[in-house]
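Q: One structure follows; several queries about it will come next.
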Amino acid sequence: MDITMTNDGASSSRQGQVQVHFITNSPDIELPEGKRQLLVPTNVRRYGLSQILNSESMLDTPAPIPFDFLINGTFLRTTLEEYLTANGLSSETTLNLQYVRSLIPPLYEASFEHDDWISCVDILSRSSVAGIWDGSEVVSGQERILSGSYDGLLRVWNKSGQPIATSASSSAGGHTSSIKSARFISPTQIASSGLDRTIRVWKYTEAEDHFSAELKPILELYGHKASIDSIDVHGPSNRILSASADGTIGLWTTLKNSAPTASASLLTSGPSAKRRKITTSTSTPQRGHLSMLSSHTAPVTAAIFNPLDSTVAYSASQDHTVRTFDLTTSSLVDTRTTSHPLLALTALPGISSQLLAAGTSARHITLLDPRTSAQSTQVMTLRGHTNKIVSIAPDPESNYGLVSGSHDGTCRVWDLRSSRHGTKDEGGGLVGEAVYVVERESAKGGKRPVGGEGIKVFGVQWNRDVGIVSGGEDKMVQINRGRGVTRPDKS
């Protein structure tokens, strides 16, 4: 059954028409079979097509739903006529239009200023993994943002930008050099690592009025021989994974009674040793690693637990590889070799199966299928950044969204549903382009440097309750929020 829809008789006589076939992956907004084929004017854009879909003769929605449309994996940003012309198609063509609930830009909300560069950020909320693991729901309005800085200090903020807590200085048991990575283990525990080659576990206690808190060091972990640039945590098993510039991956426990004794040679050498000899006012327990995985041939830049199985770890390295490890046996399971040094790693649910997204020094993100049975190493390449990509976080509420932070001074939001075939210069394959670019608010009003000098982004996280949180060279924690950025907006 074909339905013809035009705005009015006059416009239909002046404008061409084209047959479209509406399809969607969302059962709750799927059209009946008899209404999917439609003859529409070629001069309509996204808004006009959205009006058509919402109309009484189509979905008959009680309140208009804004829609976006994809043709062959690319979002429609022109009229249908312009699309046909640009792709050398005639109006006799039937276009398959995939409709999805609209993407809403991640708008700027707030910035909090640090004393030094911000290397990493994390979020505690009722929807964050640390909040979920603990079982005691984080109260709405009491979400917390954690930031680690090059000044060696951790800070915990509320969403209003008020610092709730600052970690101890080096003389009181804190880091003796820049912090590179920090994560909430639970609402009362935090882990951090840095250039001083240590991981530190902190007890976080808030006052009853929730306007102040204390960060107390409770455990120091030793085992790496160079900077620890990235950590991941798994609260239920009390485990920490670390990635170090010494080329190894460490597995640790946060339980001091279960942790092995730290190597005496590591306690008496390295950048922290002199500070420890001078400082005698703290008595933080010092422990070693459960295991140390030595497989990479260059600095390891990221190590993460498989979100689906915490006995499996993935790592990324400057040796161009992503590796899979069985943590139970401390054995290497799989190695995937890419074309460039890798600087960041995260796991995505994927559209049909789990994917790994790795940020590269070559300004793009490589998407990999980690399954050993996968036929192809590389699934898709995401292009658009103009400098290296050092941080990636998944969209918390969709299988196909992610955000990346780059030294070009931007965060970019990607939607895996939107792709095209790469050119010969791009090496072919599927290529995705960012759907949104989040600029640094501190640079607004001036021309953004191509290389991102002065505004490099070092860390980014994405949380359903707080939004996209990023930090970097401008010494600012920045929050951007857009409901339904790559997910259905059901509010």
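Going through the structure tokens in order, the chains are called A, B, and so on, while each chain numbers its residues from 1 and the ligands are numbered from 1 in the order shown.
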Where in segment 269-387 of chain A does DSSP assign strand (DSSP E or B), given as a ChimeraX atom specification?
A: /A:286-287,291-294,300-306,309-317,321-326,331-337,342-348,355-360,364-368,378-383
Q: Which polymer residues have any atom within 12 Å of an atom of Ala313 of chain A, counting only C-alpha atoms, with same-chain residues fewer than 2 positions away left out, as JSON, numbers by chain?
A: {"A": [231, 232, 233, 234, 239, 240, 241, 242, 243, 249, 250, 251, 293, 302, 303, 304, 305, 306, 307, 308, 309, 310, 311, 315, 316, 322, 323, 324, 325, 326, 327, 328, 329, 330, 331, 332, 333, 334, 345, 346, 347, 356, 370]}
Q: Please report the interatomic distance between atom CA of Ser295 of chain A and atom CA of Asp369 of chain A in Å with one decimal.
A: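 Computing it gives 20.2 Å between the two atoms.
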Q: Please identify all polymer residues within 10 Å of Tyr400 of chain A, counting only C-alpha atoms, omitting same-chain residues fewer than 2 positions from it, and present them as an MDAnalysis selection string.
A: chainID A and resid 348:352 355 394:398 402 414:418 486:487
Q: At what distance in Å, to one decimal, does atom CA of Gly432 of chain A lie from atom CA of His340 of chain A?
A: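 Separating atom CA of His340 of chain A from atom CA of Gly432 of chain A is a distance of 18.1 Å.
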Q: Name the residues in contact with segment 128-136 of chain A at a cut-off of 12 Å, using only C-alpha atoms, excluding same-chain residues fewer than 2 positions from it; report them as a PyMOL selection string.
A: chain A and resi 122-126+138-140+142-145+183-191+232-238+307+394-397+461-467
Q: Excluding Gln478 of chain A and its own-chain neighbours fewer than 3 positions away, which residues fall within 9 Å of it when counting only C-alpha atoms? Please give them as a list in words.
A: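 Contacts, in chain order: Tyr108, Glu109, Ala110, Ser111, Phe112, Glu113, Arg440, Glu441, Ile468, Val469, Ser470 and Gly471 of chain A.
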Q: Hey, what's within 8 Å of His407 of chain A if we count only C-alpha atoms and toss same-chain stuff fewer than 2 positions away? As a ChimeraX atom specification, please?
A: /A:387-390,405,409-410,451-453,455-458
